[in-house]
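Worksheet for the structure shown next.
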Amino acid sequence: MDRKKNLFFSRNAFSVASVEFFWGLGFPIVLESTFLQLFLKNLGASGFVIGLVPALFVFCSSCLPIFAAYLTRNIRFKKKVVLLVHLLPAIAIFLLGWVMLVADEDNILLLFFAFYSLFSMALGFGIPIWLNFLARIFSETRTVPGLGYMMLSQNIGKIISSFFILKVVEQYAFSTKSCAWVFICTGTVFIIGALFFLLTKEFSEKGDPAPDYSSFIDHTRTALASIVANKPFLIFLAADLDFYLVITALSFYANYATEFYSVDQAVAAGIFVGCIYSGSITVNILLGTLDLLRLKQKFVLSKCISCTALILLITVPGQWSFFLISYLLGMVRAIRNMVYTPSVKKFSGKSDATDYFAFAPILTAPIAFGFPMLFGKMLDMLSPMGANSYRILFGVSALFLLVTFYCTLKTEYRESATSGL
């Protein structure tokens, strides 16, 4: 089967890379985005409200996957489902832009959260299906290179988008009309990109499970019991929790830079993002397409880089150091995205790991959902301390990182003759 998958490697790599290029054009607008931070700030949103954006997405991607796992459990070939769950969030963002053009400005914040909730729900539902799909269309030996090409393409799109954002903000600031057209363009490129899934080639596998006609409760109970008994997988999940520290830092550090260190909003919304994705591209090439280092070595490296970025945020914040911090955060996120999919598939020991991809975010939800909200709430409470409020919270994040680093050292990948694992 791996030999057959390798014959279609170029076709599948091109297809998913094309999807991710177009989605990469839109991601800097709507996901882990400095643009959204500043857009919401200009609408008068508090730190807590801004923190709701990553928390909302994490909540949806934590709670909805179990329904995705159950509803698609008997669908062996999931290409059409993957296409659908990409089109729905794309349409939500597209409609947000058009509604903003005609809505009363006093209602923009409420409308944003209504449509962003739909976006988050659709994408959250689709993530485990998409991840399992990616793990199945590439052979074990070529999963990391395949993901490397995919993410490289996505991050090239993000780099292009960052310059677009810079020009829009420089010329129009954050006017409602300009932001509306930005969201319309974002939805459009998402829709175009999703259509490239039609070119992919799927394969059946010998280990594919027999049809499951159990109830939702029975299916969920059985899957959860199996996952909780998998101790190596649970250790990996604990080690992976620092990813949510990175998401939180990405969600707040642009405001830290613009409020206290005289960084222009256009620079924060555009160049910061460019630096983030430059770091991601570096990782995509070296650790992805070239497949340097084993999975655990990549995992350990990401923790070291995270710690460096947090120390810089605390000790030497300034315009030029923010560029380096952006670059480092981009590297960390790219390493995690590259390691996560093959790691979950490997620890699951299953041909169809949708249940593992679905339940993993539920098990990590208390940290994933709570940390960004707590960070935002504490910023509001500590606001009289100015920049020190950010430093304190970045320091707490660094301490939490040490706990996950210990779990990383305890993470043991099963021996495999496969290169890169």
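Each chain of the structure tokens is named A, B, ... in the order shown, its residues numbered from 1; ligands are numbered from 1 in display order.
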Could you pull the residues within 7 Å of segment 370-382 of chain A, counting only C-alpha atoms, minus those fewer than 6 positions along the same chain, as an mmCIF file with all heavy atoms, in the first residue's frame?
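Saved file out31.cif follows:
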data_model
loop_
_atom_site.group_PDB
_atom_site.id
_atom_site.type_symbol
_atom_site.label_atom_id
_atom_site.label_comp_id
_atom_site.auth_asym_id
_atom_site.auth_seq_id
_atom_site.Cartn_x
_atom_site.Cartn_y
_atom_site.Cartn_z
ATOM 1 N N GLY A 47 -9.425 43.478 26.397
ATOM 2 C CA GLY A 47 -8.492 42.359 26.328
ATOM 3 C C GLY A 47 -9.211 41.028 26.453
ATOM 4 O O GLY A 47 -8.864 40.050 25.778
ATOM 5 N N PHE A 48 -10.226 40.972 27.318
ATOM 6 C CA PHE A 48 -10.986 39.734 27.495
ATOM 7 C C PHE A 48 -11.711 39.354 26.209
ATOM 8 O O PHE A 48 -11.720 38.188 25.803
ATOM 9 C CB PHE A 48 -11.988 39.892 28.629
ATOM 10 C CG PHE A 48 -12.852 38.685 28.843
ATOM 11 C CD1 PHE A 48 -12.347 37.547 29.443
ATOM 12 C CD2 PHE A 48 -14.191 38.702 28.443
ATOM 13 C CE1 PHE A 48 -13.146 36.428 29.641
ATOM 14 C CE2 PHE A 48 -14.991 37.590 28.635
ATOM 15 C CZ PHE A 48 -14.471 36.447 29.240
ATOM 16 N N GLY A 51 -9.318 38.042 23.723
ATOM 17 C CA GLY A 51 -8.959 36.688 24.113
ATOM 18 C C GLY A 51 -10.018 35.665 23.752
ATOM 19 O O GLY A 51 -9.729 34.471 23.632
ATOM 20 N N LEU A 52 -11.274 36.122 23.570
ATOM 21 C CA LEU A 52 -12.336 35.209 23.173
ATOM 22 C C LEU A 52 -12.130 34.636 21.775
ATOM 23 O O LEU A 52 -12.625 33.550 21.474
ATOM 24 C CB LEU A 52 -13.694 35.918 23.223
ATOM 25 C CG LEU A 52 -14.330 36.132 24.589
ATOM 26 C CD1 LEU A 52 -15.603 36.952 24.450
ATOM 27 C CD2 LEU A 52 -14.624 34.799 25.267
ATOM 28 N N PRO A 54 -9.243 33.498 20.028
ATOM 29 C CA PRO A 54 -8.584 32.182 20.020
ATOM 30 C C PRO A 54 -9.313 31.168 20.888
ATOM 31 O O PRO A 54 -9.348 29.976 20.562
ATOM 32 C CB PRO A 54 -7.177 32.481 20.562
ATOM 33 C CG PRO A 54 -7.318 33.743 21.342
ATOM 34 C CD PRO A 54 -8.359 34.533 20.616
ATOM 35 N N ALA A 55 -9.917 31.626 21.997
ATOM 36 C CA ALA A 55 -10.632 30.703 22.874
ATOM 37 C C ALA A 55 -11.844 30.096 22.165
ATOM 38 O O ALA A 55 -12.135 28.904 22.311
ATOM 39 C CB ALA A 55 -11.077 31.429 24.138
ATOM 40 N N THR A 248 -1.563 31.839 22.449
ATOM 41 C CA THR A 248 -1.887 32.983 23.295
ATOM 42 C C THR A 248 -0.934 34.141 23.044
ATOM 43 O O THR A 248 -1.358 35.309 22.931
ATOM 44 C CB THR A 248 -1.842 32.575 24.779
ATOM 45 O OG1 THR A 248 -2.787 31.513 24.993
ATOM 46 C CG2 THR A 248 -2.205 33.744 25.678
ATOM 47 N N SER A 389 2.363 44.161 33.060
ATOM 48 C CA SER A 389 1.302 43.157 33.104
ATOM 49 C C SER A 389 1.574 42.064 32.067
ATOM 50 O O SER A 389 1.379 40.875 32.339
ATOM 51 C CB SER A 389 -0.059 43.806 32.848
ATOM 52 O OG SER A 389 -0.127 44.409 31.570
ATOM 53 N N TYR A 390 2.014 42.475 30.884
ATOM 54 C CA TYR A 390 2.367 41.498 29.850
ATOM 55 C C TYR A 390 3.575 40.667 30.276
ATOM 56 O O TYR A 390 3.603 39.446 30.093
ATOM 57 C CB TYR A 390 2.673 42.205 28.528
ATOM 58 C CG TYR A 390 1.458 42.689 27.779
ATOM 59 C CD1 TYR A 390 0.929 43.958 27.991
ATOM 60 C CD2 TYR A 390 0.837 41.882 26.831
ATOM 61 C CE1 TYR A 390 -0.179 44.420 27.285
ATOM 62 C CE2 TYR A 390 -0.263 42.326 26.115
ATOM 63 C CZ TYR A 390 -0.768 43.584 26.348
ATOM 64 O OH TYR A 390 -1.866 44.025 25.643
ATOM 65 N N LEU A 393 2.721 37.914 32.743
ATOM 66 C CA LEU A 393 1.984 36.804 32.152
ATOM 67 C C LEU A 393 2.848 35.993 31.190
ATOM 68 O O LEU A 393 2.709 34.763 31.111
ATOM 69 C CB LEU A 393 0.732 37.327 31.454
ATOM 70 C CG LEU A 393 -0.297 37.908 32.430
ATOM 71 C CD1 LEU A 393 -1.429 38.602 31.688
ATOM 72 C CD2 LEU A 393 -0.869 36.814 33.333
#
Review point. If we count only C-alpha atoms, what is near Ile184 of chain A at a cut-off of 9 Å, once residues fewer than 6 positions away on the same chain are taken out, given as a PyMOL selection string?
Key: chain A and resi 93-98
Check your understanding: Restricting the calculation to only C-alpha atoms, which member of A:Ile66, A:Ala45, A:Val300, A:Val53 is positioned closest to Ile108 of chain A?
Key -> A:Ala45
Please provide as an mmCIF file with all heavy atoms, in the first residue's frame all residues within 12 Å of Arg3 of chain A, with the sequence filter that same-chain residues fewer than 4 positions apart are discarded (counting only C-alpha atoms).
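Everything below was put into part-v7.cif:
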data_model
loop_
_atom_site.group_PDB
_atom_site.id
_atom_site.type_symbol
_atom_site.label_atom_id
_atom_site.label_comp_id
_atom_site.auth_asym_id
_atom_site.auth_seq_id
_atom_site.Cartn_x
_atom_site.Cartn_y
_atom_site.Cartn_z
ATOM 1 N N LEU A 7 3.452 6.290 -5.412
ATOM 2 C CA LEU A 7 3.261 6.557 -6.839
ATOM 3 C C LEU A 7 2.414 7.816 -7.059
ATOM 4 O O LEU A 7 2.564 8.504 -8.070
ATOM 5 C CB LEU A 7 2.593 5.357 -7.518
ATOM 6 C CG LEU A 7 3.433 4.081 -7.645
ATOM 7 C CD1 LEU A 7 2.592 2.949 -8.230
ATOM 8 C CD2 LEU A 7 4.666 4.330 -8.528
ATOM 9 N N PHE A 8 1.534 8.096 -6.117
ATOM 10 C CA PHE A 8 0.655 9.268 -6.220
ATOM 11 C C PHE A 8 1.125 10.411 -5.319
ATOM 12 O O PHE A 8 0.374 11.357 -5.091
ATOM 13 C CB PHE A 8 -0.787 8.876 -5.859
ATOM 14 C CG PHE A 8 -1.499 8.083 -6.917
ATOM 15 C CD1 PHE A 8 -1.404 6.700 -6.941
ATOM 16 C CD2 PHE A 8 -2.240 8.718 -7.899
ATOM 17 C CE1 PHE A 8 -2.053 5.957 -7.920
ATOM 18 C CE2 PHE A 8 -2.895 7.993 -8.882
ATOM 19 C CZ PHE A 8 -2.801 6.607 -8.887
ATOM 20 N N PHE A 9 2.348 10.309 -4.809
ATOM 21 C CA PHE A 9 2.838 11.332 -3.885
ATOM 22 C C PHE A 9 2.824 12.717 -4.520
ATOM 23 O O PHE A 9 2.356 13.685 -3.905
ATOM 24 C CB PHE A 9 4.257 10.987 -3.415
ATOM 25 C CG PHE A 9 4.870 12.063 -2.544
ATOM 26 C CD1 PHE A 9 4.550 12.139 -1.190
ATOM 27 C CD2 PHE A 9 5.750 13.005 -3.078
ATOM 28 C CE1 PHE A 9 5.099 13.127 -0.381
ATOM 29 C CE2 PHE A 9 6.294 13.998 -2.275
ATOM 30 C CZ PHE A 9 5.972 14.057 -0.928
ATOM 31 N N ILE A 137 -3.375 9.725 2.893
ATOM 32 C CA ILE A 137 -3.023 9.842 1.473
ATOM 33 C C ILE A 137 -1.515 9.803 1.239
ATOM 34 O O ILE A 137 -1.067 9.652 0.095
ATOM 35 C CB ILE A 137 -3.615 11.121 0.837
ATOM 36 C CG1 ILE A 137 -3.029 12.379 1.477
ATOM 37 C CG2 ILE A 137 -5.134 11.103 0.900
ATOM 38 C CD1 ILE A 137 -3.471 13.665 0.789
ATOM 39 N N PHE A 138 -0.719 9.914 2.312
ATOM 40 C CA PHE A 138 0.734 9.792 2.197
ATOM 41 C C PHE A 138 1.200 8.534 2.920
ATOM 42 O O PHE A 138 0.630 8.150 3.943
ATOM 43 C CB PHE A 138 1.437 11.010 2.803
ATOM 44 C CG PHE A 138 1.152 12.304 2.104
ATOM 45 C CD1 PHE A 138 0.531 13.356 2.783
ATOM 46 C CD2 PHE A 138 1.479 12.486 0.774
ATOM 47 C CE1 PHE A 138 0.269 14.552 2.148
ATOM 48 C CE2 PHE A 138 1.207 13.688 0.123
ATOM 49 C CZ PHE A 138 0.612 14.727 0.815
ATOM 50 N N SER A 139 2.242 7.906 2.404
ATOM 51 C CA SER A 139 2.826 6.755 3.090
ATOM 52 C C SER A 139 3.535 7.225 4.348
ATOM 53 O O SER A 139 3.861 8.408 4.500
ATOM 54 C CB SER A 139 3.821 6.036 2.172
ATOM 55 O OG SER A 139 4.958 6.859 1.929
ATOM 56 N N GLU A 140 3.808 6.282 5.272
ATOM 57 C CA GLU A 140 4.465 6.644 6.521
ATOM 58 C C GLU A 140 5.823 7.274 6.275
ATOM 59 O O GLU A 140 6.217 8.227 6.960
ATOM 60 C CB GLU A 140 4.625 5.408 7.411
ATOM 61 C CG GLU A 140 5.167 5.725 8.796
ATOM 62 C CD GLU A 140 5.265 4.506 9.686
ATOM 63 O OE1 GLU A 140 4.907 3.405 9.234
ATOM 64 O OE2 GLU A 140 5.712 4.677 10.833
ATOM 65 N N THR A 141 6.546 6.780 5.264
ATOM 66 C CA THR A 141 7.883 7.308 4.989
ATOM 67 C C THR A 141 7.855 8.703 4.396
ATOM 68 O O THR A 141 8.851 9.428 4.471
ATOM 69 C CB THR A 141 8.645 6.386 4.018
ATOM 70 O OG1 THR A 141 7.881 6.220 2.818
ATOM 71 C CG2 THR A 141 8.914 5.040 4.656
ATOM 72 N N ARG A 142 6.721 9.091 3.810
ATOM 73 C CA ARG A 142 6.682 10.375 3.110
ATOM 74 C C ARG A 142 5.639 11.340 3.670
ATOM 75 O O ARG A 142 5.342 12.358 3.043
ATOM 76 C CB ARG A 142 6.448 10.145 1.609
ATOM 77 C CG ARG A 142 7.455 9.184 0.967
ATOM 78 C CD ARG A 142 7.559 9.322 -0.507
ATOM 79 N NE ARG A 142 8.245 10.546 -0.891
ATOM 80 C CZ ARG A 142 8.486 10.907 -2.158
ATOM 81 N NH1 ARG A 142 8.077 10.136 -3.147
ATOM 82 N NH2 ARG A 142 9.101 12.037 -2.429
ATOM 83 N N PHE A 203 -6.869 6.130 -0.683
ATOM 84 C CA PHE A 203 -6.586 4.700 -0.716
ATOM 85 C C PHE A 203 -7.268 4.010 0.463
ATOM 86 O O PHE A 203 -7.351 4.561 1.557
ATOM 87 C CB PHE A 203 -5.072 4.442 -0.621
ATOM 88 C CG PHE A 203 -4.267 5.168 -1.657
ATOM 89 C CD1 PHE A 203 -3.800 6.449 -1.411
ATOM 90 C CD2 PHE A 203 -3.992 4.574 -2.881
ATOM 91 C CE1 PHE A 203 -3.064 7.128 -2.357
ATOM 92 C CE2 PHE A 203 -3.264 5.249 -3.833
ATOM 93 C CZ PHE A 203 -2.795 6.529 -3.582
#
Point to revise | From A:Tyr253, A:Tyr327, A:Tyr356, A:Tyr116, residue lying nearest Thr341 of chain A [only C-alpha atoms] | key: A:Tyr356
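Remark: for Ser153 of chain A, the closest of the candidate residues A:Leu324, A:Cys407, A:Leu25, A:Leu287 is A:Leu25 (distances computed over only C-alpha atoms).
Nearest-residue note for Met100 of chain A: choosing from A:Ala68, A:Ala180, A:Ile217, A:Met385, the minimum distance belongs to A:Ala180, counting only C-alpha atoms.
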Exercise for review: For Lys298 of chain A, work out the shell of residues within 10 Å, counting only C-alpha atoms and skipping chain neighbours fewer than 5 positions away, then give it as a PyMOL selection string.
Suggested key: chain A and resi 283+287+291-293+303+332+335-336+338-339+420
Dump N, CA, C and O atoms for the selected residues as a CSV table (one decimal), in the first residue's frame?
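Okay, part_17.csv is ready:
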chain,number,residue,atom,x,y,z
A,283,VAL,N,11.3,26.4,8.7
A,283,VAL,CA,11.0,25.0,9.2
A,283,VAL,C,10.5,24.1,8.2
A,283,VAL,O,10.9,22.9,8.1
A,287,LEU,N,13.0,21.1,8.1
A,287,LEU,CA,12.5,20.0,8.9
A,287,LEU,C,11.4,19.2,8.2
A,287,LEU,O,11.0,18.2,8.6
A,291,ASP,N,13.3,16.9,5.7
A,291,ASP,CA,13.1,16.0,6.8
A,291,ASP,C,14.3,15.8,7.7
A,291,ASP,O,14.6,14.6,8.1
A,292,LEU,N,14.9,16.9,8.1
A,292,LEU,CA,16.0,16.8,9.0
A,292,LEU,C,15.5,16.5,10.4
A,292,LEU,O,14.4,17.0,10.8
A,293,LEU,N,16.2,15.8,11.2
A,293,LEU,CA,15.9,15.4,12.6
A,293,LEU,C,14.7,14.4,12.7
A,293,LEU,O,13.8,14.4,11.8
A,303,LYS,N,10.3,23.4,21.8
A,303,LYS,CA,10.2,23.9,23.2
A,303,LYS,C,11.3,24.9,23.5
A,303,LYS,O,11.1,25.9,24.1
A,332,VAL,N,8.1,27.8,15.8
A,332,VAL,CA,7.5,26.9,16.8
A,332,VAL,C,6.2,26.4,16.3
A,332,VAL,O,5.9,25.2,16.3
A,335,ILE,N,6.8,23.8,13.5
A,335,ILE,CA,7.3,22.5,14.0
A,335,ILE,C,6.2,21.7,14.6
A,335,ILE,O,6.0,20.5,14.3
A,336,ARG,N,5.3,22.4,15.4
A,336,ARG,CA,4.2,21.7,16.0
A,336,ARG,C,3.3,21.1,14.9
A,336,ARG,O,2.9,19.9,15.0
A,338,MET,N,3.9,20.3,12.0
A,338,MET,CA,4.6,19.2,11.2
A,338,MET,C,4.6,17.9,12.1
A,338,MET,O,4.5,16.8,11.5
A,339,VAL,N,4.8,18.0,13.4
A,339,VAL,CA,5.0,16.9,14.2
A,339,VAL,C,3.7,16.3,14.6
A,339,VAL,O,3.6,15.0,14.8
A,420,GLY,N,13.0,9.2,9.9
A,420,GLY,CA,12.4,10.4,10.4
A,420,GLY,C,11.4,10.2,11.5
A,420,GLY,O,10.9,11.1,12.1
Quick check for you: according to DSSP on this backbone, which residues of segment 183-307 of chain A are classed as alpha helix (DSSP H)? Reply as a short mmCIF file (atom, residue, chain, number, x, y, z; two decimals) with N, CA and C atoms, in the first residue's frame.
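Output file selection-v8.cif is given in full below:
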data_model
loop_
_atom_site.label_atom_id
_atom_site.label_comp_id
_atom_site.auth_asym_id
_atom_site.auth_seq_id
_atom_site.Cartn_x
_atom_site.Cartn_y
_atom_site.Cartn_z
N PHE A 183 -12.38 40.72 4.27
CA PHE A 183 -13.05 39.47 4.61
C PHE A 183 -13.66 38.81 3.37
N ILE A 184 -14.20 39.62 2.45
CA ILE A 184 -14.76 39.08 1.21
C ILE A 184 -13.67 38.39 0.40
N CYS A 185 -12.52 39.05 0.26
CA CYS A 185 -11.40 38.45 -0.47
C CYS A 185 -10.92 37.17 0.21
N THR A 186 -10.91 37.18 1.53
CA THR A 186 -10.48 36.00 2.29
C THR A 186 -11.40 34.82 2.03
N GLY A 187 -12.70 35.04 2.11
CA GLY A 187 -13.65 33.96 1.83
C GLY A 187 -13.52 33.43 0.42
N THR A 188 -13.26 34.33 -0.53
CA THR A 188 -13.13 33.93 -1.94
C THR A 188 -11.93 33.01 -2.15
N VAL A 189 -10.77 33.37 -1.61
CA VAL A 189 -9.59 32.52 -1.82
C VAL A 189 -9.73 31.20 -1.07
N PHE A 190 -10.45 31.20 0.06
CA PHE A 190 -10.71 29.94 0.76
C PHE A 190 -11.54 29.00 -0.13
N ILE A 191 -12.57 29.54 -0.77
CA ILE A 191 -13.44 28.71 -1.63
C ILE A 191 -12.66 28.14 -2.80
N ILE A 192 -11.85 28.98 -3.44
CA ILE A 192 -11.04 28.52 -4.58
C ILE A 192 -10.09 27.41 -4.13
N GLY A 193 -9.42 27.63 -3.00
CA GLY A 193 -8.47 26.64 -2.52
C GLY A 193 -9.10 25.30 -2.21
N ALA A 194 -10.27 25.30 -1.60
CA ALA A 194 -10.92 24.05 -1.21
C ALA A 194 -11.18 23.14 -2.40
N PHE A 216 -24.07 6.70 19.42
CA PHE A 216 -23.06 7.74 19.66
C PHE A 216 -22.41 7.56 21.04
N ILE A 217 -23.23 7.26 22.04
CA ILE A 217 -22.71 7.11 23.41
C ILE A 217 -21.78 5.91 23.50
N ASP A 218 -22.18 4.78 22.92
CA ASP A 218 -21.34 3.58 22.96
C ASP A 218 -20.03 3.79 22.19
N HIS A 219 -20.14 4.40 21.02
CA HIS A 219 -18.95 4.66 20.21
C HIS A 219 -17.99 5.59 20.96
N THR A 220 -18.55 6.63 21.56
CA THR A 220 -17.73 7.60 22.28
C THR A 220 -17.07 6.96 23.49
N ARG A 221 -17.84 6.16 24.23
CA ARG A 221 -17.30 5.51 25.43
C ARG A 221 -16.16 4.56 25.06
N THR A 222 -16.35 3.76 24.03
CA THR A 222 -15.32 2.80 23.61
C THR A 222 -14.05 3.50 23.14
N ALA A 223 -14.24 4.53 22.31
CA ALA A 223 -13.08 5.26 21.78
C ALA A 223 -12.32 5.96 22.89
N LEU A 224 -13.05 6.58 23.80
CA LEU A 224 -12.40 7.31 24.88
C LEU A 224 -11.64 6.37 25.82
N ALA A 225 -12.24 5.22 26.11
CA ALA A 225 -11.58 4.25 26.98
C ALA A 225 -10.27 3.77 26.36
N SER A 226 -10.29 3.52 25.07
CA SER A 226 -9.07 3.09 24.37
C SER A 226 -7.99 4.16 24.40
N ILE A 227 -8.39 5.41 24.22
CA ILE A 227 -7.43 6.51 24.18
C ILE A 227 -6.84 6.78 25.57
N VAL A 228 -7.69 6.78 26.59
CA VAL A 228 -7.21 7.04 27.95
C VAL A 228 -6.26 5.95 28.42
N LYS A 231 -1.14 5.28 27.40
CA LYS A 231 -0.33 6.21 28.19
C LYS A 231 0.71 6.96 27.36
N PRO A 232 1.39 6.32 26.41
CA PRO A 232 2.35 7.08 25.59
C PRO A 232 1.68 8.25 24.86
N PHE A 233 0.44 8.02 24.41
CA PHE A 233 -0.28 9.10 23.73
C PHE A 233 -0.62 10.23 24.68
N LEU A 234 -1.02 9.90 25.91
CA LEU A 234 -1.36 10.93 26.89
C LEU A 234 -0.14 11.76 27.28
N ILE A 235 1.01 11.12 27.39
CA ILE A 235 2.24 11.87 27.68
C ILE A 235 2.55 12.83 26.54
N PHE A 236 2.36 12.37 25.31
CA PHE A 236 2.57 13.24 24.15
C PHE A 236 1.63 14.45 24.21
N LEU A 237 0.36 14.23 24.56
CA LEU A 237 -0.60 15.34 24.65
C LEU A 237 -0.18 16.36 25.71
N ALA A 238 0.30 15.87 26.86
CA ALA A 238 0.75 16.78 27.91
C ALA A 238 1.94 17.60 27.42
N ALA A 239 2.83 16.96 26.69
CA ALA A 239 3.99 17.66 26.16
C ALA A 239 3.60 18.71 25.12
N PHE A 243 1.85 24.41 23.00
CA PHE A 243 1.38 25.01 21.74
C PHE A 243 0.35 26.10 22.02
N TYR A 244 -0.45 25.91 23.06
CA TYR A 244 -1.48 26.89 23.38
C TYR A 244 -0.90 28.15 24.02
N LEU A 245 0.31 28.03 24.59
CA LEU A 245 1.02 29.22 25.03
C LEU A 245 1.42 30.06 23.83
N VAL A 246 1.86 29.38 22.78
CA VAL A 246 2.27 30.09 21.56
C VAL A 246 1.06 30.77 20.92
N ILE A 247 -0.08 30.06 20.88
CA ILE A 247 -1.30 30.66 20.33
C ILE A 247 -1.67 31.91 21.12
N THR A 248 -1.56 31.84 22.45
CA THR A 248 -1.89 32.98 23.29
C THR A 248 -0.93 34.14 23.04
N ALA A 249 0.35 33.86 22.96
CA ALA A 249 1.34 34.91 22.70
C ALA A 249 1.05 35.58 21.36
N LEU A 250 0.72 34.76 20.34
CA LEU A 250 0.41 35.32 19.03
C LEU A 250 -0.85 36.19 19.08
N SER A 251 -1.74 35.89 20.00
CA SER A 251 -3.01 36.62 20.08
C SER A 251 -2.89 37.95 20.82
N PHE A 252 -1.78 38.18 21.53
CA PHE A 252 -1.68 39.39 22.36
C PHE A 252 -0.41 40.23 22.13
N TYR A 253 0.64 39.65 21.61
CA TYR A 253 1.90 40.41 21.62
C TYR A 253 1.90 41.59 20.66
N ALA A 254 1.03 41.58 19.64
CA ALA A 254 0.95 42.73 18.74
C ALA A 254 0.44 43.96 19.48
N ASN A 255 -0.56 43.76 20.35
CA ASN A 255 -1.05 44.88 21.16
C ASN A 255 0.02 45.35 22.15
N TYR A 256 0.78 44.42 22.71
CA TYR A 256 1.91 44.72 23.59
C TYR A 256 2.90 45.63 22.86
N ALA A 257 3.18 45.30 21.61
CA ALA A 257 4.15 46.07 20.82
C ALA A 257 3.63 47.46 20.46
N THR A 258 2.36 47.52 20.05
CA THR A 258 1.82 48.81 19.58
C THR A 258 1.50 49.76 20.74
N GLU A 259 1.07 49.22 21.88
CA GLU A 259 0.68 50.07 23.01
C GLU A 259 1.87 50.62 23.78
N PHE A 260 2.94 49.81 23.91
CA PHE A 260 4.02 50.20 24.82
C PHE A 260 5.38 50.41 24.16
N GLN A 265 0.80 50.27 13.85
CA GLN A 265 -0.19 49.22 13.66
C GLN A 265 -0.04 48.50 12.33
N ALA A 266 0.31 49.23 11.29
CA ALA A 266 0.51 48.61 9.98
C ALA A 266 1.67 47.62 10.02
N PHE A 272 4.95 41.92 11.07
CA PHE A 272 5.01 40.88 12.09
C PHE A 272 4.58 39.54 11.49
N VAL A 273 3.47 39.57 10.75
CA VAL A 273 2.95 38.35 10.15
C VAL A 273 3.95 37.79 9.13
N GLY A 274 4.58 38.70 8.36
CA GLY A 274 5.60 38.27 7.41
C GLY A 274 6.74 37.55 8.10
N CYS A 275 7.16 38.06 9.25
CA CYS A 275 8.24 37.42 10.01
C CYS A 275 7.80 36.07 10.56
N ILE A 276 6.56 36.00 11.03
CA ILE A 276 6.03 34.72 11.54
C ILE A 276 6.13 33.65 10.46
N TYR A 277 5.69 34.00 9.26
CA TYR A 277 5.64 32.99 8.22
C TYR A 277 6.99 32.77 7.56
N SER A 278 7.91 33.70 7.70
CA SER A 278 9.29 33.44 7.28
C SER A 278 9.90 32.36 8.16
N GLY A 279 9.62 32.44 9.47
CA GLY A 279 10.06 31.38 10.37
C GLY A 279 9.44 30.05 10.02
N SER A 280 8.17 30.06 9.67
CA SER A 280 7.49 28.83 9.29
C SER A 280 8.10 28.23 8.02
N ILE A 281 8.41 29.07 7.05
CA ILE A 281 8.99 28.59 5.80
C ILE A 281 10.36 27.95 6.05
N THR A 282 11.14 28.56 6.93
CA THR A 282 12.44 27.98 7.27
C THR A 282 12.28 26.55 7.78
N VAL A 283 11.32 26.37 8.68
CA VAL A 283 11.05 25.04 9.23
C VAL A 283 10.51 24.10 8.16
N LEU A 295 11.27 12.89 14.77
CA LEU A 295 10.10 13.58 15.32
C LEU A 295 10.36 14.10 16.73
N LYS A 296 10.95 13.27 17.59
CA LYS A 296 11.16 13.73 18.97
C LYS A 296 12.17 14.88 19.01
N GLN A 297 13.20 14.82 18.17
CA GLN A 297 14.18 15.91 18.13
C GLN A 297 13.53 17.22 17.68
N LYS A 298 12.63 17.13 16.73
CA LYS A 298 11.89 18.30 16.29
C LYS A 298 11.02 18.84 17.43
N PHE A 299 10.41 17.93 18.15
CA PHE A 299 9.53 18.27 19.27
C PHE A 299 10.30 19.02 20.36
N VAL A 300 11.47 18.50 20.72
CA VAL A 300 12.31 19.14 21.73
C VAL A 300 12.78 20.52 21.25
N LEU A 301 13.16 20.61 19.98
CA LEU A 301 13.62 21.87 19.42
C LEU A 301 12.55 22.96 19.54
N SER A 302 11.29 22.58 19.32
CA SER A 302 10.21 23.57 19.38
C SER A 302 10.09 24.18 20.77
N LYS A 303 10.31 23.36 21.82
CA LYS A 303 10.23 23.87 23.19
C LYS A 303 11.35 24.87 23.47
N CYS A 304 12.54 24.55 22.99
CA CYS A 304 13.68 25.44 23.21
C CYS A 304 13.45 26.79 22.54
N ILE A 305 12.88 26.77 21.34
CA ILE A 305 12.61 28.02 20.62
C ILE A 305 11.50 28.80 21.31
N SER A 306 10.46 28.10 21.80
CA SER A 306 9.38 28.77 22.53
C SER A 306 9.92 29.51 23.75
N CYS A 307 10.78 28.85 24.49
CA CYS A 307 11.35 29.45 25.69
C CYS A 307 12.16 30.69 25.34
#
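Of the listed residues A:Thr315, A:Ala309, A:Leu123, A:Asn155, the one whose atoms come nearest to Ile392 of chain A is A:Thr315, with distances taken using only C-alpha atoms.
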Review point. With only C-alpha atoms as the atoms that count, which of A:Leu88, A:Ile165, A:Cys179, A:Cys63 lies nearest to Leu40 of chain A?
Key: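 Among A:Leu88, A:Ile165, A:Cys179, A:Cys63, it is A:Cys179 that comes nearest to Leu40 of chain A.
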